[in-house]
$ cat protein_16.cif   # mmCIF, C-alpha atoms
data_final
#
loop_
_atom_site.label_atom_id
_atom_site.label_comp_id
_atom_site.auth_asym_id
_atom_site.auth_seq_id
_atom_site.Cartn_x
_atom_site.Cartn_y
_atom_site.Cartn_z
CA MET A 1 53.61 -44.54 39.23
CA ALA A 2 52.00 -45.01 35.81
CA ARG A 3 50.23 -41.97 34.33
CA ARG A 4 46.44 -42.42 33.97
CA GLU A 5 45.20 -42.02 30.45
CA PRO A 6 42.39 -39.42 30.01
CA LYS A 7 38.94 -40.94 29.67
CA PRO A 8 37.81 -40.76 26.06
CA ARG A 9 34.90 -38.41 25.37
CA PRO A 10 31.60 -40.08 24.43
CA VAL A 11 30.45 -39.89 20.85
CA VAL A 12 27.53 -37.51 20.36
CA ALA A 13 24.96 -39.08 18.05
CA GLU A 14 24.02 -35.80 16.39
CA LEU A 15 27.66 -35.04 15.63
CA GLY A 16 28.91 -38.57 14.91
CA ARG A 17 31.98 -37.78 16.99
CA PRO A 18 32.95 -36.70 20.50
CA GLU A 19 32.20 -33.12 21.55
CA THR A 20 35.01 -30.66 21.74
CA PRO A 21 35.44 -28.89 25.10
CA GLU A 22 34.01 -25.75 23.55
CA GLU A 23 30.91 -27.59 22.26
CA GLU A 24 30.36 -29.26 25.62
CA ALA A 25 30.57 -25.91 27.42
CA ALA A 26 28.14 -24.33 24.95
CA ARG A 27 25.69 -27.23 25.35
CA LYS A 28 25.71 -27.01 29.12
CA ALA A 29 25.25 -23.25 29.00
CA GLN A 30 22.27 -23.64 26.66
CA ASN A 31 20.72 -26.33 28.87
CA SER A 32 21.10 -24.06 31.87
CA LYS A 33 19.47 -21.19 29.99
CA ASN A 34 16.58 -23.40 28.85
CA TYR A 35 15.97 -24.51 32.43
CA ARG A 36 15.94 -20.93 33.71
CA ASP A 37 13.56 -19.85 30.92
CA SER A 38 11.13 -22.70 31.59
CA LYS A 39 11.18 -21.93 35.29
CA THR A 40 10.45 -18.26 34.58
CA ILE A 41 7.46 -19.19 32.39
CA ARG A 42 6.10 -21.53 35.05
CA ASN A 43 6.44 -18.82 37.67
CA LEU A 44 4.66 -16.38 35.36
CA TRP A 45 1.70 -18.71 34.88
CA VAL A 46 1.52 -19.33 38.62
CA ALA A 47 1.44 -15.57 39.22
CA VAL A 48 -1.31 -15.11 36.62
CA GLY A 49 -3.36 -17.89 38.19
CA VAL A 50 -3.03 -16.36 41.65
CA THR A 51 -4.05 -12.94 40.33
CA VAL A 52 -7.13 -14.34 38.58
CA ALA A 53 -8.12 -16.21 41.74
CA ILE A 54 -7.81 -13.04 43.85
CA VAL A 55 -9.89 -10.99 41.40
CA ALA A 56 -12.57 -13.68 41.25
CA LEU A 57 -12.69 -13.83 45.03
CA MET A 58 -13.11 -10.05 45.26
CA VAL A 59 -15.94 -10.12 42.72
CA PHE A 60 -17.83 -12.67 44.80
CA ILE A 61 -17.24 -11.26 48.27
CA VAL A 62 -17.30 -7.49 47.72
CA PRO A 63 -20.88 -6.18 48.12
CA ARG A 64 -22.27 -4.30 45.14
CA ASP A 65 -25.01 -1.70 45.06
CA ASP A 66 -26.97 -2.22 41.84
CA SER A 67 -29.20 0.74 42.60
CA SER A 68 -26.46 3.16 41.52
CA ARG A 69 -26.44 1.85 37.96
CA LEU A 70 -29.51 3.88 37.07
CA GLN A 71 -29.47 7.58 37.73
CA SER A 72 -32.60 8.54 39.60
CA VAL A 73 -34.52 11.55 38.31
CA ASP A 74 -36.93 13.68 40.33
CA TYR A 75 -39.64 13.83 37.67
CA ARG A 76 -41.90 15.92 39.91
CA SER A 77 -39.37 18.76 40.00
CA VAL A 78 -38.80 18.50 36.26
CA ALA A 79 -42.57 18.64 35.73
CA VAL A 80 -42.77 21.99 37.52
CA SER A 81 -40.43 23.53 34.95
CA ALA A 82 -42.01 21.67 32.03
CA GLN A 83 -45.48 22.87 32.98
CA ARG A 84 -44.45 26.47 32.27
CA THR A 85 -43.82 25.62 28.62
CA LEU A 86 -46.88 23.48 27.83
CA PRO A 87 -50.50 24.70 27.63
CA VAL A 88 -52.15 21.66 29.26
CA PRO A 89 -52.01 20.12 32.76
CA LEU A 90 -49.18 17.59 32.80
CA ALA A 91 -49.39 14.04 34.06
CA VAL A 92 -47.33 13.68 37.24
CA PRO A 93 -48.09 10.30 38.83
CA GLU A 94 -47.94 9.73 42.57
CA LEU A 95 -46.04 6.47 43.01
CA PRO A 96 -44.61 4.46 45.92
CA ASP A 97 -40.91 4.70 46.74
CA THR A 98 -40.43 1.27 45.16
CA TRP A 99 -40.79 2.97 41.77
CA SER A 100 -38.07 5.20 40.36
CA SER A 101 -37.58 7.42 37.33
CA ASN A 102 -34.58 7.48 35.01
CA VAL A 103 -35.75 10.22 32.64
CA ALA A 104 -38.21 13.11 32.59
CA GLU A 105 -38.21 15.60 29.74
CA ILE A 106 -40.07 17.45 27.02
CA ARG A 107 -39.63 15.87 23.61
CA THR A 108 -40.31 17.10 20.10
CA ALA A 109 -40.87 14.57 17.33
CA SER A 110 -38.49 15.06 14.43
CA LEU A 111 -41.00 14.06 11.74
CA ASP A 112 -44.09 16.09 12.61
CA GLY A 113 -42.97 18.41 15.39
CA VAL A 114 -45.41 17.07 18.00
CA THR A 115 -44.35 18.12 21.50
CA SER A 116 -44.77 15.69 24.37
CA TRP A 117 -44.04 15.29 28.07
CA PHE A 118 -42.20 12.03 28.78
CA ILE A 119 -41.47 10.18 32.04
CA GLY A 120 -39.46 6.94 32.08
CA LEU A 121 -40.07 4.73 35.11
CA ILE A 122 -38.57 1.59 36.64
CA THR A 123 -41.11 -0.66 38.32
CA PRO A 124 -40.49 -2.56 41.58
CA SER A 125 -39.73 -5.65 39.46
CA LYS A 126 -37.09 -3.66 37.51
CA GLN A 127 -39.14 -3.44 34.32
CA PHE A 128 -39.61 -0.29 32.25
CA LEU A 129 -42.78 1.76 31.84
CA SER A 130 -43.26 5.24 30.50
CA ILE A 131 -45.89 7.94 30.38
CA THR A 132 -46.07 10.08 27.26
CA GLN A 133 -48.44 13.03 27.04
CA ALA A 134 -48.50 14.68 23.63
CA VAL A 135 -50.14 18.00 22.86
CA ASP A 136 -52.18 18.33 19.64
CA ALA A 137 -50.88 15.01 18.34
CA ASN A 138 -51.88 13.65 14.95
CA PRO A 139 -52.64 10.04 13.95
CA SER A 140 -49.25 9.50 12.29
CA TRP A 141 -47.46 10.49 15.49
CA LEU A 142 -49.40 7.87 17.45
CA VAL A 143 -48.72 5.20 14.81
CA ASN A 144 -45.00 5.89 15.04
CA GLU A 145 -45.05 5.84 18.84
CA MET A 146 -46.81 2.46 18.73
CA GLN A 147 -44.15 1.07 16.36
CA GLN A 148 -46.77 0.59 13.61
CA THR A 149 -48.54 -2.06 15.68
CA ILE A 150 -52.33 -2.39 15.81
CA PRO A 151 -54.74 -2.23 18.77
CA THR A 152 -55.73 -5.53 20.33
CA GLY A 153 -58.58 -4.44 22.59
CA THR A 154 -59.85 -1.88 25.08
CA VAL A 155 -59.96 -1.55 28.85
CA THR A 156 -61.69 0.88 31.19
CA ILE A 157 -59.61 2.12 34.13
CA ASP A 158 -61.24 4.39 36.71
CA GLY A 159 -63.86 5.43 34.17
CA VAL A 160 -61.32 6.21 31.43
CA ASP A 161 -61.44 4.16 28.23
CA TRP A 162 -58.01 3.05 27.03
CA ILE A 163 -57.01 1.34 23.78
CA VAL A 164 -54.79 -1.70 24.39
CA TYR A 165 -51.73 -2.67 22.32
CA ASP A 166 -50.63 -6.10 23.55
CA ASN A 167 -47.49 -6.92 21.57
CA ARG A 168 -45.90 -9.38 23.99
CA ASP A 169 -46.24 -12.28 21.54
CA SER A 170 -45.19 -10.30 18.48
CA ASP A 171 -42.40 -11.67 16.29
CA ARG A 172 -41.28 -8.11 15.58
CA ASP A 173 -38.95 -5.99 17.66
CA VAL A 174 -41.45 -3.53 19.13
CA GLY A 175 -39.02 -1.86 21.52
CA ASN A 176 -40.67 -0.51 24.65
CA VAL A 177 -44.25 -1.04 23.51
CA GLU A 178 -44.57 -4.70 24.43
CA TYR A 179 -47.70 -3.63 26.27
CA ALA A 180 -49.23 -0.19 25.80
CA LEU A 181 -52.35 1.80 26.61
CA THR A 182 -53.47 4.96 24.82
CA THR A 183 -56.27 7.44 25.35
CA GLU A 184 -57.15 10.97 24.28
CA SER A 185 -58.59 13.80 26.34
CA GLY A 186 -58.88 17.43 25.32
CA ARG A 187 -55.71 18.43 23.48
CA SER A 188 -53.68 15.60 25.03
CA THR A 189 -52.90 12.09 23.85
CA PHE A 190 -51.67 9.80 26.62
CA ILE A 191 -49.56 6.66 26.26
CA VAL A 192 -48.56 4.24 29.01
CA ALA A 193 -46.15 1.71 27.55
CA GLY A 194 -43.23 -0.53 28.37
CA THR A 195 -41.98 -4.01 29.16
CA ALA A 196 -43.78 -4.41 32.49
CA THR A 197 -46.85 -6.52 33.14
CA PRO A 198 -50.33 -5.39 32.11
CA ASP A 199 -51.20 -5.05 35.80
CA ASP A 200 -48.33 -2.60 36.35
CA ALA A 201 -49.26 -0.66 33.21
CA ARG A 202 -52.88 -0.38 34.30
CA ALA A 203 -51.87 0.63 37.81
CA LEU A 204 -49.71 3.39 36.35
CA ALA A 205 -52.53 4.53 34.06
CA SER A 206 -54.78 4.75 37.10
CA THR A 207 -52.44 7.28 38.74
CA ILE A 208 -53.04 9.86 36.00
CA THR A 209 -56.84 9.61 35.84
CA THR A 210 -57.27 13.01 37.49
CA THR A 211 -54.95 14.64 34.95
CA ILE A 212 -56.89 13.05 32.09
CA GLU A 213 -60.16 14.35 33.49
CA LYS A 214 -58.68 17.85 33.80
CA GLN A 215 -57.99 17.89 30.05
CA THR A 216 -61.69 17.40 29.33
CA ILE A 217 -62.72 20.09 31.80
CA GLU A 218 -60.31 22.63 30.29
CA ALA A 219 -61.37 21.74 26.76
CA THR A 220 -65.04 22.44 27.55
CA SER A 221 -64.48 25.55 29.68
#
$ encode --input "protein_16.cif" --output "structure tokens"
Amino acid sequence: MARREPKPRPVVAELGRPETPEEEAARKAQNSKNYRDSKTIRNLWVAVGVTVAIVALMVFIVPRDDSSRLQSVDYRSVAVSAQRTLPVPLAVPELPDTWSSNVAEIRTASLDGVTSWFIGLITPSKQFLSITQAVDANPSWLVNEMQQTIPTGTVTIDGVDWIVYDNRDSDRDVGNVEYALTTESGRSTFIVAGTATPDDARALASTITTTIEKQTIEATS
């Protein structure tokens, strides 16, 4: 029986000659490695995609309680302690449960040393309003509190005359005095200011009318 001649190896274009057995083995090993690597990368991207999808699903379906983002402050209790340190009756508004407070404290201005009682409030529409009651304030303190803006009018609320600062259309950054009301009584200067509507600001001002009237009574007694 005639012996079969071995089949000649094909010429590899890159080499210009047939591969040696060692080169062929190395090429096949490299191809196998490349395949495994590409499969690993594909699996990794699939895993990442699944993880992102699960996280997104959890974000949409897990209920969230936004009310916990703002720490609620019992400003009435804080006012009891603050009253012991200030010589005038402090403004402590009576508000519905739909309002909340995120700060209540005594403040001292760094420039002129004016001491004030401050309450920060969140309205039912999630806007900010504050009450500031300063003792023996001076004009420069009020100018700074109003962000150097100018009055735009007046309004009478429950018999109390307030100066209006309507800065809602201002091109300047006026902070939390987009709309503000100020009045003076006795030794106290009152400010109601914030980002809420004028109606909310006036409603808040109305809640401290009695306190404002007390300042006048004490000043004349």
$ closest_atom_pairs --input "protein_16.cif" --of "stretch 64-105 of chain A" --to "stretch 210-219 of chain A" --cutoff "12 Å" --atoms "all atoms listed in the file" --output "CSV"
residue,atom,partner,partner_atom,distance
A:Pro87,CA,A:Glu218,CA,10.4
A:Val88,CA,A:Gln215,CA,7.0
A:Pro89,CA,A:Thr211,CA,6.6
A:Leu90,CA,A:Thr211,CA,6.8
A:Ala91,CA,A:Thr211,CA,5.7
A:Val92,CA,A:Thr211,CA,8.0
A:Pro93,CA,A:Thr211,CA,9.0
A:Glu94,CA,A:Thr210,CA,11.1
$ closest_residue --input "protein_16.cif" --among "A:Gln133, A:Ile157, A:Asn138, A:Asp169" --to "A:Val192" --atoms "only C-alpha atoms"
A:Gln133
$ atom_distance --input "protein_16.cif" --atom1 "atom CA of A:Ser125" --atom2 "atom CA of A:Ile208"
20.7 Å
$ residues_around --input "protein_16.cif" --residues "A:Leu111" --least-positions-apart "4" --cutoff "10 Å" --atoms "all atoms listed in the file" --output "PDB file with C-alpha atoms, in the frame of the given file"
ATOM      1  CA  SER A 140     -49.250   9.500  12.290  1.00  0.00           C
ATOM      2  CA  TRP A 141     -47.460  10.490  15.490  1.00  0.00           C
ATOM      3  CA  ASN A 144     -45.000   5.890  15.040  1.00  0.00           C
TER       4      ASN A 144
END
$ closest_residue --input "protein_16.cif" --among "A:Ile106, A:Val114, A:Ala205, A:Ile163" --to "A:Arg84" --atoms "all atoms listed in the file"
A:Ile106
$ residues_around --input "protein_16.cif" --residues "stretch 101-104 of chain A" --least-positions-apart "5" --cutoff "12 Å" --atoms "only C-alpha atoms" --output "ChimeraX atom specification"
/A:67-82,90-96,116-124,126-133
